[in-house]
Each structure stands twice: as structure tokens, then as C-alpha cells.
file model13.csv (CSV, C-alpha atoms)
chain,number,residue,atom,x,y,z
A,1,MET,CA,1.9,-23.2,-12.4
A,2,ASP,CA,5.1,-23.4,-10.3
A,3,SER,CA,8.2,-25.3,-11.0
A,4,THR,CA,11.5,-25.5,-9.2
A,5,GLY,CA,14.9,-26.3,-10.8
A,6,GLY,CA,18.2,-26.8,-9.1
A,7,ASP,CA,18.8,-23.2,-8.1
A,8,HIS,CA,15.7,-21.3,-9.1
A,9,SER,CA,11.9,-21.4,-9.0
A,10,GLU,CA,9.5,-20.0,-11.6
A,11,GLY,CA,5.8,-19.7,-11.9
A,12,SER,CA,3.0,-17.9,-13.6
A,13,SER,CA,-0.6,-17.0,-13.2
A,14,ARG,CA,-3.3,-15.3,-15.2
A,15,ILE,CA,-5.6,-13.3,-12.9
A,16,GLY,CA,-9.0,-12.0,-13.9
A,17,ASP,CA,-10.8,-11.2,-10.7
A,18,VAL,CA,-7.7,-9.6,-9.2
A,19,PRO,CA,-9.1,-8.4,-5.9
A,20,ALA,CA,-10.3,-12.0,-5.2
A,21,GLN,CA,-7.2,-13.8,-6.5
A,22,ILE,CA,-4.2,-11.6,-5.8
A,23,GLU,CA,-3.7,-13.0,-2.3
A,24,GLY,CA,-3.3,-16.5,-3.6
A,25,VAL,CA,-0.6,-15.4,-6.1
A,26,GLN,CA,1.2,-13.4,-3.4
A,27,LYS,CA,1.3,-16.5,-1.1
A,28,ARG,CA,2.8,-18.7,-3.9
A,29,ILE,CA,5.5,-16.1,-4.5
A,30,GLU,CA,6.1,-15.6,-0.8
A,31,LYS,CA,6.6,-19.3,-0.3
A,32,SER,CA,9.2,-19.4,-3.1
A,33,LEU,CA,11.0,-16.3,-1.7
A,34,ALA,CA,11.2,-17.9,1.7
A,35,GLY,CA,12.6,-21.0,0.1
A,36,HIS,CA,15.4,-19.0,-1.4
A,37,ALA,CA,16.2,-17.3,1.9
A,38,TYR,CA,14.9,-13.8,1.1
A,39,SER,CA,14.9,-11.6,4.2
A,40,ALA,CA,11.7,-10.2,5.7
A,41,ALA,CA,12.7,-6.8,4.4
A,42,ALA,CA,13.1,-8.2,0.9
A,43,GLN,CA,9.8,-10.0,1.1
A,44,PHE,CA,8.1,-6.8,2.2
A,45,ALA,CA,9.6,-4.9,-0.7
A,46,ILE,CA,8.6,-7.5,-3.3
A,47,ARG,CA,5.1,-8.0,-1.9
A,48,LEU,CA,4.4,-4.3,-1.9
A,49,SER,CA,5.8,-3.8,-5.4
A,50,LEU,CA,3.7,-6.8,-6.7
A,51,GLU,CA,0.6,-5.5,-5.0
A,52,GLU,CA,1.0,-2.1,-6.7
A,53,ALA,CA,1.9,-3.5,-10.1
A,54,ILE,CA,-0.9,-6.0,-10.3
A,55,MET,CA,-3.5,-3.6,-8.9
A,56,ASN,CA,-2.3,-0.9,-11.4
A,57,GLY,CA,-2.7,-3.5,-14.2
A,58,PHE,CA,-6.2,-4.3,-13.1
A,59,ARG,CA,-7.4,-0.8,-12.2
A,60,HIS,CA,-5.7,1.3,-14.9
A,61,GLY,CA,-4.8,-1.3,-17.6
A,62,ASN,CA,-7.9,-3.6,-17.6
A,63,ARG,CA,-10.1,-0.9,-16.1
A,64,GLN,CA,-11.4,-3.4,-13.5
A,65,ASP,CA,-12.8,-5.6,-16.2
A,66,ALA,CA,-12.6,-9.1,-14.7
A,67,SER,CA,-13.0,-10.7,-18.1
A,68,LYS,CA,-9.5,-9.4,-18.9
A,69,ALA,CA,-6.5,-10.9,-17.3
A,70,VAL,CA,-3.4,-9.6,-15.6
A,71,GLU,CA,-0.6,-12.1,-16.3
A,72,VAL,CA,2.1,-12.5,-13.7
A,73,ARG,CA,5.3,-14.4,-14.3
A,74,TRP,CA,8.2,-14.8,-12.0
A,75,GLU,CA,11.6,-16.4,-11.7
A,76,ILE,CA,13.2,-16.5,-8.3
A,77,CYS,CA,16.9,-17.3,-7.8
A,78,ALA,CA,19.2,-17.2,-4.8
A,79,ASP,CA,20.4,-13.7,-5.7
A,80,SER,CA,17.6,-12.1,-7.6
A,81,ALA,CA,13.9,-12.3,-8.3
A,82,THR,CA,12.4,-11.1,-11.6
A,83,PHE,CA,8.7,-10.4,-12.2
A,84,HIS,CA,6.6,-9.6,-15.3
A,85,VAL,CA,3.2,-8.1,-14.9
A,86,ILE,CA,1.2,-7.8,-18.1
A,87,ASP,CA,-2.3,-6.3,-18.5
A,88,GLU,CA,-4.6,-6.2,-21.5
A,89,GLY,CA,-4.9,-2.4,-21.5
A,90,GLU,CA,-3.6,0.1,-24.0
A,91,GLY,CA,-0.6,1.0,-21.9
A,92,PHE,CA,0.6,4.3,-20.7
A,93,ASP,CA,3.7,6.6,-20.6
A,94,PRO,CA,5.3,6.1,-17.1
A,95,ASP,CA,7.3,9.3,-17.6
A,96,ALA,CA,4.1,11.2,-17.8
A,97,VAL,CA,3.0,10.3,-14.2
A,98,PRO,CA,3.4,13.3,-11.9
A,99,ASP,CA,5.9,13.1,-9.1
A,100,PRO,CA,3.8,12.6,-6.0
A,101,THR,CA,6.6,13.7,-3.7
A,102,LEU,CA,6.5,17.3,-4.9
A,103,ASP,CA,4.9,19.6,-2.3
A,104,GLU,CA,2.1,20.6,-4.7
A,105,ASN,CA,1.2,16.9,-5.2
A,106,LEU,CA,1.5,15.6,-1.6
A,107,GLU,CA,-2.2,15.9,-0.9
A,108,ILE,CA,-3.3,14.2,-4.1
A,109,PRO,CA,-4.6,10.8,-3.0
A,110,SER,CA,-3.4,8.7,-6.0
A,111,GLY,CA,-0.3,8.1,-8.1
A,112,ARG,CA,2.1,6.6,-5.6
A,113,GLY,CA,2.2,2.9,-6.8
A,114,LEU,CA,4.8,3.4,-9.5
A,115,MET,CA,7.1,5.4,-7.3
A,116,LEU,CA,6.9,2.7,-4.6
A,117,ILE,CA,7.8,0.1,-7.2
A,118,ARG,CA,10.8,2.1,-8.4
A,119,ALA,CA,11.9,2.7,-4.8
A,120,TYR,CA,11.7,-0.9,-3.6
A,121,MET,CA,12.8,-2.8,-6.7
A,122,SER,CA,16.4,-2.8,-8.0
A,123,GLU,CA,15.1,-2.4,-11.6
A,124,ALA,CA,11.7,-1.6,-13.1
A,125,ALA,CA,11.0,-0.9,-16.7
A,126,TYR,CA,7.9,-0.8,-18.9
A,127,HIS,CA,8.0,-2.6,-22.3
A,128,GLY,CA,5.9,-2.1,-25.4
A,129,ALA,CA,3.0,0.3,-25.1
A,130,GLY,CA,3.4,0.4,-21.4
A,131,ASN,CA,1.3,-2.6,-20.4
A,132,HIS,CA,4.2,-4.9,-19.6
A,133,LEU,CA,6.2,-4.2,-16.4
A,134,GLU,CA,9.4,-6.1,-15.8
A,135,MET,CA,10.9,-5.6,-12.4
A,136,THR,CA,13.8,-7.2,-10.6
A,137,PHE,CA,14.9,-7.3,-6.9
A,138,ARG,CA,18.5,-8.0,-6.3
A,139,LYS,CA,19.7,-9.1,-2.8
A,140,SER,CA,23.0,-7.3,-3.4
A,141,ALA,CA,21.3,-3.9,-3.9
A,142,LYS,CA,20.8,-1.8,-0.8
A,143,LYS,CA,17.1,-1.9,-1.0
B,144,MET,CA,-17.0,1.7,24.3
B,145,ALA,CA,-15.3,0.2,21.3
B,146,GLN,CA,-17.4,-0.5,18.2
B,147,GLU,CA,-16.4,-2.6,15.3
B,148,THR,CA,-17.1,-1.0,12.0
B,149,SER,CA,-16.1,-2.9,8.9
B,150,ARG,CA,-12.4,-3.5,9.3
B,151,ILE,CA,-11.7,-0.9,12.0
B,152,LEU,CA,-12.3,-0.4,15.7
B,153,VAL,CA,-13.2,3.1,16.7
B,154,THR,CA,-13.1,4.3,20.3
B,155,ASP,CA,-14.0,7.7,21.6
B,156,LEU,CA,-11.3,8.8,24.0
B,157,ASP,CA,-12.5,12.1,25.6
B,158,GLY,CA,-13.3,13.6,22.2
B,159,VAL,CA,-10.5,11.9,20.2
B,160,LEU,CA,-11.6,9.3,17.8
B,161,ARG,CA,-9.0,6.5,18.1
B,162,VAL,CA,-9.0,4.1,15.2
B,163,GLU,CA,-7.3,0.7,15.1
B,164,PHE,CA,-7.2,-1.8,12.3
B,165,VAL,CA,-8.7,-5.3,12.6
B,166,ASP,CA,-6.4,-6.7,9.9
B,167,ARG,CA,-2.6,-6.8,9.7
B,168,ASP,CA,-2.7,-6.2,5.9
B,169,ILE,CA,-4.4,-3.0,4.6
B,170,LEU,CA,-4.3,-4.0,1.0
B,171,ASP,CA,-7.7,-5.0,-0.2
B,172,GLU,CA,-9.2,-2.1,-2.1
B,173,ALA,CA,-12.8,-2.9,-1.2
B,174,SER,CA,-11.9,-3.0,2.5
B,175,ILE,CA,-10.0,0.2,2.1
B,176,ARG,CA,-13.0,1.9,0.5
B,177,LYS,CA,-15.2,0.7,3.4
B,178,ILE,CA,-12.7,2.0,6.0
B,179,GLY,CA,-12.5,5.4,4.2
B,180,ALA,CA,-16.3,5.7,4.0
B,181,GLU,CA,-16.6,4.8,7.7
B,182,LEU,CA,-13.9,7.3,8.7
B,183,VAL,CA,-15.5,10.1,6.6
B,184,ARG,CA,-18.9,9.4,8.2
B,185,ARG,CA,-17.4,9.6,11.7
B,186,ILE,CA,-15.4,12.7,11.0
B,187,GLU,CA,-18.4,14.5,9.5
B,188,ALA,CA,-20.4,13.8,12.6
B,189,VAL,CA,-18.4,16.0,14.8
B,190,ALA,CA,-17.0,19.5,14.8
B,191,ASN,CA,-13.2,20.0,15.0
B,192,PRO,CA,-12.6,16.3,14.8
B,193,HIS,CA,-9.4,15.0,16.5
B,194,VAL,CA,-8.6,11.6,15.0
B,195,LEU,CA,-5.8,9.2,16.0
B,196,ILE,CA,-5.1,6.3,13.7
B,197,CYS,CA,-3.1,3.7,15.5
B,198,PHE,CA,-1.2,1.2,13.2
B,199,ARG,CA,-0.3,-1.3,15.9
B,200,GLY,CA,-0.3,-4.8,14.4
B,201,VAL,CA,-0.4,-3.5,10.8
B,202,GLU,CA,2.3,-5.2,8.6
B,203,HIS,CA,1.5,-4.1,5.1
B,204,LEU,CA,-0.3,-1.3,3.5
B,205,SER,CA,-0.7,-0.2,-0.1
B,206,SER,CA,-0.7,3.1,-2.0
B,207,ALA,CA,-4.5,2.9,-2.0
B,208,ALA,CA,-4.5,3.0,1.8
B,209,LEU,CA,-2.2,6.0,1.7
B,210,GLY,CA,-4.7,7.7,-0.6
B,211,THR,CA,-7.4,7.1,1.9
B,212,LEU,CA,-5.3,8.5,4.7
B,213,ILE,CA,-4.7,11.6,2.6
B,214,THR,CA,-8.4,12.0,2.0
B,215,VAL,CA,-9.1,11.6,5.7
B,216,ASN,CA,-6.4,14.1,6.6
B,217,SER,CA,-7.8,16.7,4.2
B,218,LEU,CA,-11.3,16.3,5.5
B,219,THR,CA,-10.2,16.5,9.1
B,220,LYS,CA,-8.3,19.7,8.5
B,221,LYS,CA,-11.1,21.2,6.5
B,222,ARG,CA,-13.4,20.6,9.5
B,223,GLY,CA,-11.0,22.4,11.8
B,224,GLY,CA,-9.6,19.2,13.4
B,225,GLN,CA,-6.4,17.2,13.2
B,226,LEU,CA,-5.3,13.7,12.2
B,227,ARG,CA,-2.4,12.0,14.0
B,228,LEU,CA,-0.9,8.6,13.2
B,229,SER,CA,0.9,6.4,15.7
B,230,ASP,CA,2.6,3.0,16.3
B,231,ILE,CA,3.8,2.6,12.8
B,232,ARG,CA,6.4,-0.2,12.4
B,233,PRO,CA,9.7,0.8,10.8
B,234,SER,CA,9.0,-1.1,7.5
B,235,ILE,CA,5.8,0.9,7.0
B,236,LEU,CA,7.3,4.1,8.3
B,237,GLU,CA,9.8,3.8,5.4
B,238,VAL,CA,6.8,3.9,3.0
B,239,PHE,CA,5.8,7.2,4.4
B,240,THR,CA,9.3,8.5,4.2
B,241,ILE,CA,9.8,7.4,0.6
B,242,THR,CA,6.6,9.0,-0.5
B,243,LYS,CA,7.4,12.1,1.7
B,244,LEU,CA,4.1,11.7,3.4
B,245,ASP,CA,5.9,11.9,6.7
B,246,LYS,CA,5.9,15.7,5.9
B,247,LEU,CA,2.2,15.7,5.5
B,248,PHE,CA,1.1,13.7,8.6
B,249,HIS,CA,1.7,14.2,12.3
B,250,ILE,CA,3.4,10.8,13.2
B,251,SER,CA,4.0,9.8,16.8
B,252,ASP,CA,5.9,6.8,18.1
B,253,THR,CA,3.0,5.9,20.5
B,254,ALA,CA,-0.7,6.6,20.9
B,255,ALA,CA,0.1,8.2,24.2
B,256,ARG,CA,2.4,10.7,22.6
B,257,ALA,CA,-0.1,11.4,19.8
B,258,LEU,CA,-2.8,12.1,22.4
B,259,GLU,CA,-0.5,14.5,24.2
B,260,GLY,CA,-0.1,16.3,20.9
B,261,PHE,CA,-3.8,16.8,20.7
B,262,GLY,CA,-3.7,18.2,24.2
B,263,ASN,CA,-1.0,20.7,23.2
B,264,LYS,CA,-3.2,21.9,20.3
B,265,GLY,CA,-5.9,22.7,22.8
call {"tool": "encode", "arguments": {"input": "model13.csv", "output": "C-alpha cells"}}
result
Amino acid sequence: MDSTGGDHSEGSSRIGDVPAQIEGVQKRIEKSLAGHAYSAAAQFAIRLSLEEAIMNGFRHGNRQDASKAVEVRWEICADSATFHVIDEGEGFDPDAVPDPTLDENLEIPSGRGLMLIRAYMSEAAYHGAGNHLEMTFRKSAKK
Amino acid sequence: MAQETSRILVTDLDGVLRVEFVDRDILDEASIRKIGAELVRRIEAVANPHVLICFRGVEHLSSAALGTLITVNSLTKKRGGQLRLSDIRPSILEVFTITKLDKLFHISDTAARALEGFGNKG
């Protein structure tokens, strides 16, 4: 569902079969971002972060069980865009994820999604058990 | 002769496997797995594989794609060869910089320069 107020847009989606449905959600959000004059660089940052967050929720949270949903909610304003990505998994400790940029971890093929989210979004925080990610992109931030 | 395999085009250029992507977005995990499997099969078919992956036209890629590149790089090195990347647009190059994978991969501005690099390695 998408709705547009005077100065902001909001929407939500519950995705079960994430690989098949993620593109449709990204398109809806992309359209809203364009409507609020987000730059190409901002749209790149948000799309990448959402891709990583939703796929993490599906792969690690829901363990690729399409009968479980990843819920995505967003509110997009002229200055900032906030996203909630909530999976049905048990959660995790984001501080326990190894730093993939350390020399000894560079050749490990996985574990970069979270660091990309933190790099590209202005704020990113996990709530509860760690299955609810809230992330915000602010135009004023140098990202 | 170019041959389309899943979502990539692979061309043999005098012993260098040149790989290009069919899609502008390298995000879909099933496609990424297919691309990885195809590259592994190609690399395992030759001794001392020299592989050039050209990113011309690619606009987005995910951490899953980075993971496949790391796997391909490790396999190529293990078999006595080398992987080089080229034609990466600035927005994607930033992803390599943020993740510090620009330290792991040989990255060239253009395919021509990457091919020169293989030549220098003999």
C-alpha cells in the first residue's frame, strides 16, 4: 500500500517470496524517491541498502522460508527517508558480525551487507531481538 | 567467438577469458549463483587462468555478487592465474572502496589496460 500526503509518501509491503518480489518493492520506493527529488547517488545508496537489508531478512532471518514474510515499511520526505525491515527470525547480535574489512577477513565471501548499510545510510539500528532494522537516509548527510 | 552462458558473455581473447554481464543489475541471488557456477566451470577448465571481468553497463551489484567475485578470485589464484576487473563505474567502485576489496582485486579503468596487465605478468 502506498499513500502520499502533502509533503511525504509512505508505504508498506509484506514479502514472502523475496527473490521474486523484491524488485517490485524497489520500484515502488524508487518512484517515490524520484518524486521527492532524491539524487541518483541517493537512490543508489538506498536501493543497495534495501537490497542488503531485505535479503538479509530473508536469508538469515527467515532462513529462505517463503511462508514467512519480510515486512518493509517506508516514509519518504523531502529531506529524509526512513525504512523498517522486519523479518520473522530469531534476530541476531549485529555487534557480533566480524569486520569484513580486516585483512584477515577480506577473502571471506560473505558478511558485507550490514557494513554497506551502515556506510550508505545516515542511521541504521536494530531493535528488539535484532530482527527489526530501522534505517534512515538524510539528504543533508554527506553520504 | 562469444557465447552466452546464463547471464554472462564469455569471450576467449588469446588465452584471457573476458567476461561481460548481460544485465545492468547484478542483484538476483539465483542469477549470481549461476554466474558463479559458470565462472568456476570455465576457470577449472584451463591451467593458469587469466580472467578479465568487465563491468561496462553494470549499474548495481550486491554483496552477494562481491562474494562470488571473491570466490572466483581465490580459485583463479589457486590455479596459478589472475583475475582482473575493469570498466567499473564510480558508484560501484565506491562499493569496492568501502569494503576495502579494492585492495584485494586488480582493478583497471579499461579492459585494454587490464589486458596489458596480464601481458606484464607474462
call {"tool": "atom_distance", "arguments": {"input": "model13.csv", "atom1": "CA of His249 in chain B", "atom2": "CA of Gly210 in chain B"}}
result
15.8 Å
call {"tool": "closest_atom_pairs", "arguments": {"input": "model13.csv", "of": "chain A", "to": "chain B", "cutoff": "8 Å", "atoms": "all atoms listed in the file", "output": "JSON lines"}}
result
{"residue": "A:Pro19", "atom": "CA", "partner": "B:Asp171", "partner_atom": "CA", "distance": 6.8}
{"residue": "A:Ala41", "atom": "CA", "partner": "B:Ser234", "partner_atom": "CA", "distance": 7.5}
{"residue": "A:Phe44", "atom": "CA", "partner": "B:His203", "partner_atom": "CA", "distance": 7.7}
{"residue": "A:Leu48", "atom": "CA", "partner": "B:Ser205", "partner_atom": "CA", "distance": 6.8}
{"residue": "A:Glu51", "atom": "CA", "partner": "B:Ser205", "partner_atom": "CA", "distance": 7.3}
{"residue": "A:Glu52", "atom": "CA", "partner": "B:Ser205", "partner_atom": "CA", "distance": 7.1}
{"residue": "A:Pro100", "atom": "CA", "partner": "B:Thr242", "partner_atom": "CA", "distance": 7.1}
{"residue": "A:Thr101", "atom": "CA", "partner": "B:Thr242", "partner_atom": "CA", "distance": 5.7}
{"residue": "A:Leu106", "atom": "CA", "partner": "B:Leu244", "partner_atom": "CA", "distance": 6.9}
{"residue": "A:Glu107", "atom": "CA", "partner": "B:Ile213", "partner_atom": "CA", "distance": 6.1}
{"residue": "A:Ile108", "atom": "CA", "partner": "B:Ile213", "partner_atom": "CA", "distance": 7.3}
{"residue": "A:Pro109", "atom": "CA", "partner": "B:Gly210", "partner_atom": "CA", "distance": 3.9}
{"residue": "A:Ser110", "atom": "CA", "partner": "B:Gly210", "partner_atom": "CA", "distance": 5.6}
{"residue": "A:Gly111", "atom": "CA", "partner": "B:Ser206", "partner_atom": "CA", "distance": 7.9}
{"residue": "A:Arg112", "atom": "CA", "partner": "B:Ser206", "partner_atom": "CA", "distance": 5.7}
{"residue": "A:Gly113", "atom": "CA", "partner": "B:Ser206", "partner_atom": "CA", "distance": 5.6}
{"residue": "A:Met115", "atom": "CA", "partner": "B:Thr242", "partner_atom": "CA", "distance": 7.7}
{"residue": "A:Leu116", "atom": "CA", "partner": "B:Thr242", "partner_atom": "CA", "distance": 7.5}
{"residue": "A:Ala119", "atom": "CA", "partner": "B:Ile241", "partner_atom": "CA", "distance": 7.5}
call {"tool": "residues_around", "arguments": {"input": "model13.csv", "residues": "Ala69 in chain A", "least_positions_apart": "2", "cutoff": "7 Å", "atoms": "all atoms listed in the file", "output": "JSON, numbers by chain"}}
result
{"A": [14, 15, 16, 66, 67, 71, 87, 88]}
call {"tool": "closest_residue", "arguments": {"input": "model13.csv", "among": "B:Ala257, B:Val183, B:Thr219, B:Ile151", "to": "Arg167 in chain B", "atoms": "all atoms listed in the file"}}
result
B:Ile151
call {"tool": "residues_near_point", "arguments": {"input": "model13.csv", "point": "(-9.2, -7.9, 15.3)", "cutoff": "9 Å", "atoms": "all atoms listed in the file", "output": "JSON, numbers by chain"}}
result
{"B": [147, 150, 151, 152, 163, 164, 165, 166, 167]}
call {"tool": "residues_around", "arguments": {"input": "model13.csv", "residues": "Arg185 in chain B", "least_positions_apart": "6", "cutoff": "10 Å", "atoms": "only C-alpha atoms", "output": "list in words"}}
result
Val153, Leu160, Gly179, Pro192 and Val194 of chain B
call {"tool": "atom_distance", "arguments": {"input": "model13.csv", "atom1": "CA of Asn131 in chain A", "atom2": "CA of Ile46 in chain A"}}
result
19.2 Å
call {"tool": "residues_near_point", "arguments": {"input": "model13.csv", "point": "(13.6, -12.5, -14.4)", "cutoff": "8 Å", "atoms": "all atoms listed in the file", "output": "number ranges by chain"}}
result
A: 74-76, 80-84, 134-136
call {"tool": "closest_residue", "arguments": {"input": "model13.csv", "among": "A:Ala78, A:Ala141, A:Asp93, A:Ala53", "to": "Ala124 in chain A", "atoms": "only C-alpha atoms"}}
result
A:Ala53
call {"tool": "atom_distance", "arguments": {"input": "model13.csv", "atom1": "CA of Arg161 in chain B", "atom2": "CA of Ile231 in chain B"}}
result
14.4 Å
call {"tool": "closest_residue", "arguments": {"input": "model13.csv", "among": "A:Glu10, A:Asp17, A:Glu90, A:Glu30", "to": "His132 in chain A", "atoms": "only C-alpha atoms"}}
result
A:Glu90
call {"tool": "residues_around", "arguments": {"input": "model13.csv", "residues": "Leu228 in chain B", "least_positions_apart": "5", "cutoff": "6 Å", "atoms": "only C-alpha atoms", "output": "tab-separated table (two decimals) with C-alpha atoms, keeping the file's coordinate frame"}}
result
chain	number	residue	atom	x	y	z
B	195	LEU	CA	-5.80	9.20	16.00
B	196	ILE	CA	-5.10	6.30	13.70
B	197	CYS	CA	-3.10	3.70	15.50
B	250	ILE	CA	3.40	10.80	13.20
call {"tool": "residues_around", "arguments": {"input": "model13.csv", "residues": "range 11-13 of chain A", "least_positions_apart": "4", "cutoff": "9 Å", "atoms": "only C-alpha atoms", "output": "ChimeraX atom specification"}}
result
/A:1-4,25,28-29,70-76
call {"tool": "closest_residue", "arguments": {"input": "model13.csv", "among": "A:Gly130, A:Asp103, A:Ala20, A:His8", "to": "His60 in chain A", "atoms": "only C-alpha atoms"}}
result
A:Gly130
